[in-house]
Amino acid sequence: MSTATALLSSEELSAVLPYALGHLYSNGGIFLSSSRAPNDGVIHAPFSLLPWHFPQGLLNQGLSLAIPFNNLVDSVSRDSAWLLGALERTAGADSFTGRLVDMYRLELAREAEAVKAGGGPVQNPLRLGIHRSDYMLTSNSEDSKGDFFLKQVELNTVASSMAGLSSIVSQLHANLPLRFASELPNVFKYFSQDGTSFSGARPSTANRDLAFALKEAHFAYLKGYSGGAPPPGILVAVCMVVQPGERNSFDQRALESELWDRYGVVLRYATLAELGRVAPHPPAPSHGILHNHASAPPLFLPPRGPGGPCTEVSVVYYRAGYTPGDYPSELEWTGRDFVEASRAIKCPCLAYHLAGTKKVQQLLANPGVLERFVKEKESVASLRGCFAGLWSLDVREGGDVSGAIEAARKNPSHYVIKPQREGGGNNLFNDSVAGALRIEGGMPPDQLAGYILMERLFPPLKPCVFVRNGAVKQSMGSCELGVYGVFLGDGVAPPLLNLPAGTLLRTKLEGSDEGGVAAGFAVIDSVWAV
């Protein structure tokens with residue numbers, strides 16, 4: 001463990017901390033205190049009191065990678081034969097992935113029957129992607145004093161959260177030097193590169209950009225109506241699928257407010273269980289519907305109150321459904337089926353969800369695979385240049401699987417074993433890696449096939465000021481940069497939308513393996529470009 005030099009004195013903390021907490025509480029940078037008792041109150045989101053000095057060139061690189069990664073996800077998702085083949089053995093080893101794969105096969109069968117019958121597409125051909133590619137800074141030198149590079153930790157294609165909170169914290173960091181420059185010389189020095197200006201602020205645009213993408217998909221859906229508008233008496237809205245008792249609901253509310261305040265688009269919330277209860281008897285409108293872009297039935301939600309209209313869903317945005325814990329019963333799977341069988345635009349669709357699995361990430365790093373989906377040589381080089389070392393743990397795949405396993409047995413602290421899971425807290429490190437790969441008493445080969453092996457990244461450390469539950473801890477930490485990307489397209493015409501969409505920086509204490517904020521491993525930070 002390194003010893004951190006305190007960045008702020010107790011006097012400086014007493015001045016800056018109340019301002020920072022006030023900013024978070026007054027702007028929605030908060031969590032519910034308890035998922036089981038939402039009326040108990042709120043607590044500020046865990047955050048870094050000072051931003052991270054991040055290299056401008058590497059920030060630009062991360063933003064530039066968003067577009068080719070968006071294209072890559074879309075290309076993989078439309079190659080169903082490759083995607084199913086890639087996940088065949090993983091689906092057999094991991095029941096959750098297997099259930100999603102089965103649902104995807106059913107969707108493909110419906111499409112095939114429609115084509116055979118001479119009809120149009122069953123599903124809406126438009127696919128909306130809200131992705132986040134997470135990176136760590138790494139160095140080729142053991143003392144982390146050489147040149148730094150961006151290496152990808154993972155690519156998230158489902159429930160990429162924290163856009164609202166990231167925007168709030170980054171705005172706080174942009175405000176701090178202006179607010180305290182004349183009072184606190186030490187704070188002035190931290191923010192000023194040349195001693196006279198504060199040019200490094202990079203407030204995240206993630207909440208604004210994600211709302212823009214949802215708006216674009218919503219209005220693209222409306223164009224399917226004759227005249228571009230629904231019949232009278234039908235409310236068309238975006239539906240966010242959420243976890244029951246979600247503590248991070250204010251991050252979601254920030255997106256809802258942006259959608260309504262800027263574009264007049266209504267957002268409704270539903271859990272998978274609530275959708276499952278609607279599924280057997282979906283509400284039907286009182287008049288005919290004119291729609292021309294898919295033969296699947298529209299997705300309707302019940303009225304909000306007596307005499308109110310049914311809500312037709314234009315876009316389903318999943319902030320739940322990415323982990324087995326979101327499906328405690330068959331009711332939740334019924335809700336997922338209900339959504340997937342509808343004509344609503346899904347974010348993500350099943351194919352996007354599966355394209356974001358760790359197994360697909362590992363296979364894309366294999367020689368020659370990326371070229372199947374990316375034709376531009378420059379994009380191939382840019383994508384491959386940020387890949388960390390990735391290896392299969394499925395001995396049936398051949399290749400040098402045994403060599404990778406043996407290397408990890410000898411140096412388990414240099415590797416991570418990852419399951420097909422999102423949300424933090426699922427990976428195996430250190431002794432757990434050694435235990436899983438033990439020749440006798442380790443994980444059975446059929447079970448190992450559901451995991452991948454990844455090179456462990458060791459990012460540089462620097463002094464940080466962590467704030468959690470009102471308590472301050474000045475300690476060494478490392479950061480992880482998330483770059484959002486948004487994509488909307490049908491796979492035929494040029495995409496309607498393909499853009500980087502802001503950033504999320506998370507900082508974790510030295511010695512912490514995982515990096516999830518909601519899971520309690522990290523705090524929300526922001527980029528101060530240098």
# chains A, B, ... in the order shown; residues from 1 in each chain; ligands from 1
$ residues_around --residues "Glu107 (chain A)" --least-positions-apart "6" --cutoff "10 Å" --atoms "only C-alpha atoms" --output "list in words"
Val101, Val122, Gln123, Asp337, Glu340, Ala341, Leu350 and Ala351 of chain A
$ write_last_selection --atoms "C-alpha atoms" --output "CSV table (one decimal), in the first residue's frame"
chain,number,residue,atom,x,y,z
A,101,VAL,CA,-29.5,-17.4,-26.4
A,122,VAL,CA,-41.4,-9.1,-37.5
A,123,GLN,CA,-39.1,-6.9,-35.4
A,337,ASP,CA,-40.5,-12.2,-23.7
A,340,GLU,CA,-38.9,-8.9,-27.2
A,341,ALA,CA,-41.9,-10.1,-29.1
A,350,LEU,CA,-31.1,-9.4,-27.7
A,351,ALA,CA,-28.4,-9.5,-30.3
$ residues_around --residues "Gln420 (chain A)" --least-positions-apart "3" --cutoff "7 Å" --atoms "only C-alpha atoms" --output "VMD selection string"
chain A and resid 357 to 358 450 to 451
$ write_last_selection --atoms "C-alpha atoms" --output "PDB file, in the first residue's frame"
ATOM      1  CA  THR A 357     -20.804 -10.745 -23.422  1.00  0.00           C
ATOM      2  CA  LYS A 358     -17.279 -11.388 -22.165  1.00  0.00           C
ATOM      3  CA  GLY A 450     -18.543 -20.064 -19.047  1.00  0.00           C
ATOM      4  CA  TYR A 451     -15.624 -17.787 -18.108  1.00  0.00           C
TER       5      TYR A 451
END
$ closest_residue --among "A:Pro419, A:Pro460, A:Pro306, A:Gly491" --to "Ser95 (chain A)" --atoms "only C-alpha atoms"
A:Pro419
$ closest_residue --among "A:Val530, A:Val278, A:Ala45, A:Ile130" --to "Phe69 (chain A)" --atoms "only C-alpha atoms"
A:Ile130
$ atom_distance --atom1 "CA of Phe387 (chain A)" --atom2 "CA of Val369 (chain A)"
13.0 Å
$ closest_residue --among "A:Leu505, A:Ala471, A:Ala529, A:Leu370" --to "Gln193 (chain A)" --atoms "only C-alpha atoms"
A:Ala529
$ atom_distance --atom1 "CA of Glu378 (chain A)" --atom2 "CA of Val73 (chain A)"
17.1 Å
$ closest_residue --among "A:Leu106, A:Leu390, A:Ala365, A:Leu100" --to "Tyr327 (chain A)" --atoms "only C-alpha atoms"
A:Leu100
$ residues_around --residues "Glu183 (chain A)" --least-positions-apart "5" --cutoff "10 Å" --atoms "only C-alpha atoms" --output "PyMOL selection string"
chain A and resi 12+15+177+188
$ residues_around --residues "Glu246 (chain A)" --least-positions-apart "3" --cutoff "8 Å" --atoms "only C-alpha atoms" --output "ChimeraX atom specification"
/A:32,35,242-243,249
$ write_last_selection --atoms "N, CA and C atoms" --output "PDB file, in the first residue's frame"
ATOM      1  N   LEU A  32     -30.951   6.721  -3.141  1.00  0.00           N
ATOM      2  CA  LEU A  32     -31.862   6.418  -2.047  1.00  0.00           C
ATOM      3  C   LEU A  32     -31.062   5.760  -0.926  1.00  0.00           C
ATOM      4  N   SER A  35     -32.759   0.499  -0.529  1.00  0.00           N
ATOM      5  CA  SER A  35     -33.589  -0.032  -1.607  1.00  0.00           C
ATOM      6  C   SER A  35     -34.889  -0.619  -1.069  1.00  0.00           C
ATOM      7  N   VAL A 242     -36.624  -1.146 -15.113  1.00  0.00           N
ATOM      8  CA  VAL A 242     -35.790  -0.893 -13.938  1.00  0.00           C
ATOM      9  C   VAL A 242     -35.896  -2.046 -12.943  1.00  0.00           C
ATOM     10  N   GLN A 243     -34.950  -2.089 -12.029  1.00  0.00           N
ATOM     11  CA  GLN A 243     -34.972  -3.058 -10.948  1.00  0.00           C
ATOM     12  C   GLN A 243     -35.889  -2.559  -9.837  1.00  0.00           C
ATOM     13  N   SER A 249     -32.039   5.517  -8.546  1.00  0.00           N
ATOM     14  CA  SER A 249     -33.140   6.012  -9.372  1.00  0.00           C
ATOM     15  C   SER A 249     -32.954   7.467  -9.793  1.00  0.00           C
TER      16      SER A 249
END
$ residues_around --residues "Asp446 (chain A)" --least-positions-apart "4" --cutoff "10 Å" --atoms "only C-alpha atoms" --output "list in words"
Arg89, Thr90, Gly92, Ala93, Asp94, Leu393, Asp394, Val395, Arg396, Gly450 and Tyr451 of chain A
$ write_last_selection --atoms "N, CA and C atoms" --output "compact mmCIF listing (two decimals), in the first residue's frame"
# COMPACT_ATOMS: atom_id res chain seq x y z
N ARG A 89 -20.99 -22.98 -26.63
CA ARG A 89 -20.50 -23.70 -25.45
C ARG A 89 -20.65 -22.87 -24.17
N THR A 90 -20.53 -21.57 -24.30
CA THR A 90 -20.75 -20.70 -23.14
C THR A 90 -22.18 -20.83 -22.65
N GLY A 92 -24.03 -23.39 -22.85
CA GLY A 92 -24.17 -24.67 -22.16
C GLY A 92 -23.59 -24.66 -20.77
N ALA A 93 -22.58 -23.80 -20.55
CA ALA A 93 -21.92 -23.73 -19.24
C ALA A 93 -22.56 -22.72 -18.32
N ASP A 94 -23.25 -21.74 -18.88
CA ASP A 94 -23.83 -20.65 -18.10
C ASP A 94 -25.32 -20.59 -18.41
N LEU A 393 -11.06 -20.09 -21.70
CA LEU A 393 -10.85 -21.12 -20.68
C LEU A 393 -11.58 -22.41 -21.06
N ASP A 394 -12.06 -22.46 -22.31
CA ASP A 394 -12.76 -23.64 -22.81
C ASP A 394 -11.75 -24.53 -23.53
N VAL A 395 -11.36 -25.62 -22.92
CA VAL A 395 -10.31 -26.49 -23.49
C VAL A 395 -10.76 -27.12 -24.80
N ARG A 396 -12.07 -27.15 -25.06
CA ARG A 396 -12.57 -27.75 -26.29
C ARG A 396 -12.35 -26.85 -27.50
N GLY A 450 -17.69 -21.24 -19.18
CA GLY A 450 -18.54 -20.06 -19.05
C GLY A 450 -17.79 -18.81 -18.67
N TYR A 451 -16.46 -18.92 -18.51
CA TYR A 451 -15.62 -17.79 -18.11
C TYR A 451 -14.58 -17.49 -19.18
$ atom_distance --atom1 "CA of Gly389 (chain A)" --atom2 "CA of Leu457 (chain A)"
9.5 Å
$ closest_atom_pairs --of "region 226-266 of chain A" --to "region 154-171 of chain A" --cutoff "8 Å" --atoms "only C-alpha atoms" --output "CSV"
residue,atom,partner,partner_atom,distance
A:Phe250,CA,A:Gly164,CA,7.9
A:Asp251,CA,A:Gly164,CA,4.8
A:Gln252,CA,A:Gly164,CA,7.0
A:Ala254,CA,A:Gly164,CA,5.4
A:Leu255,CA,A:Gly164,CA,6.5
$ residues_around --residues "Ser379 (chain A)" --least-positions-apart "5" --cutoff "9 Å" --atoms "only C-alpha atoms" --output "PyMOL selection string"
chain A and resi 65+68+374+384
$ select_by_dssp --residues "region 225-282 of chain A" --states "alpha helix (DSSP H)" --output "ChimeraX atom specification"
/A:249-263,272-278
$ closest_residue --among "A:Tyr322, A:Phe96, A:Phe487, A:Tyr415" --to "Glu455 (chain A)" --atoms "only C-alpha atoms"
A:Tyr415
$ select_by_dssp --residues "region 5-169 of chain A" --states "strand (DSSP E)" --output "ChimeraX atom specification"
/A:30-32,42-44,47-48,52-54,127-139,148-156
$ decode --residues "region 287-423 of chain A" --atoms "C-alpha atoms" --output "PDB file, in the first residue's frame"
ATOM      1  CA  HIS A 287     -59.373   1.991 -32.210  1.00  0.00           C
ATOM      2  CA  GLY A 288     -57.260   0.720 -35.062  1.00  0.00           C
ATOM      3  CA  ILE A 289     -53.538   1.440 -35.331  1.00  0.00           C
ATOM      4  CA  LEU A 290     -51.736   2.464 -38.476  1.00  0.00           C
ATOM      5  CA  HIS A 291     -48.151   1.277 -38.422  1.00  0.00           C
ATOM      6  CA  ASN A 292     -45.934   0.190 -41.275  1.00  0.00           C
ATOM      7  CA  HIS A 293     -42.488  -0.802 -40.039  1.00  0.00           C
ATOM      8  CA  ALA A 294     -43.006  -4.169 -38.321  1.00  0.00           C
ATOM      9  CA  SER A 295     -45.607  -6.906 -38.139  1.00  0.00           C
ATOM     10  CA  ALA A 296     -45.036  -7.642 -34.446  1.00  0.00           C
ATOM     11  CA  PRO A 297     -47.701  -6.250 -32.114  1.00  0.00           C
ATOM     12  CA  PRO A 298     -47.131  -2.900 -30.457  1.00  0.00           C
ATOM     13  CA  LEU A 299     -46.171  -2.867 -26.791  1.00  0.00           C
ATOM     14  CA  PHE A 300     -48.864  -1.267 -24.663  1.00  0.00           C
ATOM     15  CA  LEU A 301     -48.780  -0.375 -20.979  1.00  0.00           C
ATOM     16  CA  PRO A 302     -51.947   0.162 -18.918  1.00  0.00           C
ATOM     17  CA  PRO A 303     -53.272   3.682 -18.295  1.00  0.00           C
ATOM     18  CA  ARG A 304     -51.768   5.562 -15.364  1.00  0.00           C
ATOM     19  CA  GLY A 305     -55.167   6.399 -13.924  1.00  0.00           C
ATOM     20  CA  PRO A 306     -58.935   6.073 -14.541  1.00  0.00           C
ATOM     21  CA  GLY A 307     -59.891   7.347 -17.953  1.00  0.00           C
ATOM     22  CA  GLY A 308     -56.285   7.819 -19.010  1.00  0.00           C
ATOM     23  CA  PRO A 309     -54.875   6.605 -22.329  1.00  0.00           C
ATOM     24  CA  CYS A 310     -53.001   3.400 -22.889  1.00  0.00           C
ATOM     25  CA  THR A 311     -49.306   4.030 -23.453  1.00  0.00           C
ATOM     26  CA  GLU A 312     -47.727   2.629 -26.581  1.00  0.00           C
ATOM     27  CA  VAL A 313     -44.011   2.082 -26.066  1.00  0.00           C
ATOM     28  CA  SER A 314     -41.696   3.406 -28.765  1.00  0.00           C
ATOM     29  CA  VAL A 315     -38.375   2.464 -27.144  1.00  0.00           C
ATOM     30  CA  VAL A 316     -37.604   0.002 -24.368  1.00  0.00           C
ATOM     31  CA  TYR A 317     -34.447   1.046 -22.519  1.00  0.00           C
ATOM     32  CA  TYR A 318     -33.139  -1.702 -20.242  1.00  0.00           C
ATOM     33  CA  ARG A 319     -31.617  -0.618 -16.947  1.00  0.00           C
ATOM     34  CA  ALA A 320     -32.381  -4.103 -15.627  1.00  0.00           C
ATOM     35  CA  GLY A 321     -32.321  -7.614 -17.048  1.00  0.00           C
ATOM     36  CA  TYR A 322     -28.548  -7.979 -17.281  1.00  0.00           C
ATOM     37  CA  THR A 323     -28.025 -10.290 -14.314  1.00  0.00           C
ATOM     38  CA  PRO A 324     -29.677 -13.546 -13.133  1.00  0.00           C
ATOM     39  CA  GLY A 325     -30.792 -11.736  -9.977  1.00  0.00           C
ATOM     40  CA  ASP A 326     -33.184  -9.696 -12.108  1.00  0.00           C
ATOM     41  CA  TYR A 327     -35.137 -12.895 -12.876  1.00  0.00           C
ATOM     42  CA  PRO A 328     -36.137 -14.391  -9.495  1.00  0.00           C
ATOM     43  CA  SER A 329     -39.128 -16.152 -11.090  1.00  0.00           C
ATOM     44  CA  GLU A 330     -40.614 -17.027 -14.470  1.00  0.00           C
ATOM     45  CA  LEU A 331     -42.727 -13.869 -14.247  1.00  0.00           C
ATOM     46  CA  GLU A 332     -39.693 -11.738 -15.081  1.00  0.00           C
ATOM     47  CA  TRP A 333     -38.798 -13.929 -18.046  1.00  0.00           C
ATOM     48  CA  THR A 334     -42.410 -13.573 -19.235  1.00  0.00           C
ATOM     49  CA  GLY A 335     -41.943  -9.798 -19.079  1.00  0.00           C
ATOM     50  CA  ARG A 336     -38.752 -10.022 -21.117  1.00  0.00           C
ATOM     51  CA  ASP A 337     -40.501 -12.242 -23.695  1.00  0.00           C
ATOM     52  CA  PHE A 338     -43.359  -9.728 -23.856  1.00  0.00           C
ATOM     53  CA  VAL A 339     -40.966  -6.929 -24.734  1.00  0.00           C
ATOM     54  CA  GLU A 340     -38.853  -8.918 -27.195  1.00  0.00           C
ATOM     55  CA  ALA A 341     -41.908 -10.094 -29.141  1.00  0.00           C
ATOM     56  CA  SER A 342     -43.133  -6.512 -29.626  1.00  0.00           C
ATOM     57  CA  ARG A 343     -42.342  -3.977 -32.322  1.00  0.00           C
ATOM     58  CA  ALA A 344     -40.838  -1.467 -29.893  1.00  0.00           C
ATOM     59  CA  ILE A 345     -37.220  -0.472 -30.522  1.00  0.00           C
ATOM     60  CA  LYS A 346     -35.102  -2.248 -27.914  1.00  0.00           C
ATOM     61  CA  CYS A 347     -32.067  -0.772 -26.233  1.00  0.00           C
ATOM     62  CA  PRO A 348     -30.405  -3.180 -26.355  1.00  0.00           C
ATOM     63  CA  CYS A 349     -31.996  -5.781 -28.587  1.00  0.00           C
ATOM     64  CA  LEU A 350     -31.129  -9.366 -27.715  1.00  0.00           C
ATOM     65  CA  ALA A 351     -28.372  -9.509 -30.310  1.00  0.00           C
ATOM     66  CA  TYR A 352     -26.723  -6.361 -28.887  1.00  0.00           C
ATOM     67  CA  HIS A 353     -27.035  -7.813 -25.375  1.00  0.00           C
ATOM     68  CA  LEU A 354     -25.268 -11.005 -26.464  1.00  0.00           C
ATOM     69  CA  ALA A 355     -22.666  -9.105 -28.483  1.00  0.00           C
ATOM     70  CA  GLY A 356     -21.561  -7.494 -25.229  1.00  0.00           C
ATOM     71  CA  THR A 357     -20.804 -10.745 -23.422  1.00  0.00           C
ATOM     72  CA  LYS A 358     -17.279 -11.388 -22.165  1.00  0.00           C
ATOM     73  CA  LYS A 359     -17.002 -14.424 -24.445  1.00  0.00           C
ATOM     74  CA  VAL A 360     -17.596 -12.321 -27.544  1.00  0.00           C
ATOM     75  CA  GLN A 361     -15.075  -9.758 -26.272  1.00  0.00           C
ATOM     76  CA  GLN A 362     -12.495 -12.516 -25.907  1.00  0.00           C
ATOM     77  CA  LEU A 363     -13.152 -14.003 -29.354  1.00  0.00           C
ATOM     78  CA  LEU A 364     -12.931 -10.609 -31.059  1.00  0.00           C
ATOM     79  CA  ALA A 365      -9.385 -10.301 -29.743  1.00  0.00           C
ATOM     80  CA  ASN A 366      -8.339 -13.497 -31.542  1.00  0.00           C
ATOM     81  CA  PRO A 367      -6.247 -13.035 -34.705  1.00  0.00           C
ATOM     82  CA  GLY A 368      -8.328 -12.391 -37.813  1.00  0.00           C
ATOM     83  CA  VAL A 369     -11.742 -12.259 -36.102  1.00  0.00           C
ATOM     84  CA  LEU A 370     -12.036  -8.486 -35.955  1.00  0.00           C
ATOM     85  CA  GLU A 371     -11.532  -8.300 -39.730  1.00  0.00           C
ATOM     86  CA  ARG A 372     -14.744 -10.295 -40.236  1.00  0.00           C
ATOM     87  CA  PHE A 373     -16.741  -7.334 -38.916  1.00  0.00           C
ATOM     88  CA  VAL A 374     -14.555  -4.285 -39.542  1.00  0.00           C
ATOM     89  CA  LYS A 375     -13.401  -3.608 -43.096  1.00  0.00           C
ATOM     90  CA  GLU A 376     -11.402  -0.390 -42.542  1.00  0.00           C
ATOM     91  CA  LYS A 377      -7.778  -1.226 -41.720  1.00  0.00           C
ATOM     92  CA  GLU A 378      -7.349   1.914 -39.627  1.00  0.00           C
ATOM     93  CA  SER A 379     -10.352   0.999 -37.471  1.00  0.00           C
ATOM     94  CA  VAL A 380      -9.051  -2.552 -37.028  1.00  0.00           C
ATOM     95  CA  ALA A 381      -5.701  -1.203 -35.856  1.00  0.00           C
ATOM     96  CA  SER A 382      -7.316   1.314 -33.497  1.00  0.00           C
ATOM     97  CA  LEU A 383      -9.616  -1.280 -31.926  1.00  0.00           C
ATOM     98  CA  ARG A 384      -6.989  -3.983 -31.603  1.00  0.00           C
ATOM     99  CA  GLY A 385      -4.533  -1.500 -30.150  1.00  0.00           C
ATOM    100  CA  CYS A 386      -6.708  -1.033 -27.049  1.00  0.00           C
ATOM    101  CA  PHE A 387      -7.399  -4.747 -26.434  1.00  0.00           C
ATOM    102  CA  ALA A 388      -5.885  -6.269 -23.320  1.00  0.00           C
ATOM    103  CA  GLY A 389      -4.735  -9.897 -23.322  1.00  0.00           C
ATOM    104  CA  LEU A 390      -7.784 -12.182 -23.508  1.00  0.00           C
ATOM    105  CA  TRP A 391      -7.899 -15.983 -23.557  1.00  0.00           C
ATOM    106  CA  SER A 392     -10.481 -18.730 -23.618  1.00  0.00           C
ATOM    107  CA  LEU A 393     -10.850 -21.125 -20.684  1.00  0.00           C
ATOM    108  CA  ASP A 394     -12.759 -23.640 -22.806  1.00  0.00           C
ATOM    109  CA  VAL A 395     -10.310 -26.487 -23.488  1.00  0.00           C
ATOM    110  CA  ARG A 396     -12.566 -27.747 -26.290  1.00  0.00           C
ATOM    111  CA  GLU A 397     -11.793 -24.690 -28.388  1.00  0.00           C
ATOM    112  CA  GLY A 398      -8.218 -25.778 -29.016  1.00  0.00           C
ATOM    113  CA  GLY A 399      -5.500 -23.219 -29.510  1.00  0.00           C
ATOM    114  CA  ASP A 400      -3.139 -22.400 -26.676  1.00  0.00           C
ATOM    115  CA  VAL A 401      -5.775 -22.568 -23.942  1.00  0.00           C
ATOM    116  CA  SER A 402      -3.587 -24.799 -21.785  1.00  0.00           C
ATOM    117  CA  GLY A 403      -0.690 -22.357 -22.113  1.00  0.00           C
ATOM    118  CA  ALA A 404      -2.799 -19.445 -20.885  1.00  0.00           C
ATOM    119  CA  ILE A 405      -4.134 -21.509 -17.988  1.00  0.00           C
ATOM    120  CA  GLU A 406      -0.638 -22.578 -16.976  1.00  0.00           C
ATOM    121  CA  ALA A 407       0.597 -18.981 -17.056  1.00  0.00           C
ATOM    122  CA  ALA A 408      -2.285 -17.913 -14.825  1.00  0.00           C
ATOM    123  CA  ARG A 409      -1.559 -20.758 -12.399  1.00  0.00           C
ATOM    124  CA  LYS A 410       2.014 -19.539 -12.026  1.00  0.00           C
ATOM    125  CA  ASN A 411       1.122 -15.841 -11.677  1.00  0.00           C
ATOM    126  CA  PRO A 412      -2.532 -15.588 -10.613  1.00  0.00           C
ATOM    127  CA  SER A 413      -2.159 -11.961  -9.500  1.00  0.00           C
ATOM    128  CA  HIS A 414      -1.504 -10.976 -13.134  1.00  0.00           C
ATOM    129  CA  TYR A 415      -4.829 -12.312 -14.405  1.00  0.00           C
ATOM    130  CA  VAL A 416      -8.579 -11.926 -13.886  1.00  0.00           C
ATOM    131  CA  ILE A 417     -11.236 -14.578 -14.488  1.00  0.00           C
ATOM    132  CA  LYS A 418     -14.486 -13.049 -15.734  1.00  0.00           C
ATOM    133  CA  PRO A 419     -17.958 -14.619 -16.005  1.00  0.00           C
ATOM    134  CA  GLN A 420     -20.670 -13.508 -18.420  1.00  0.00           C
ATOM    135  CA  ARG A 421     -21.973 -10.932 -15.932  1.00  0.00           C
ATOM    136  CA  GLU A 422     -22.378  -7.177 -15.597  1.00  0.00           C
ATOM    137  CA  GLY A 423     -22.868  -4.965 -12.575  1.00  0.00           C
TER     138      GLY A 423
END
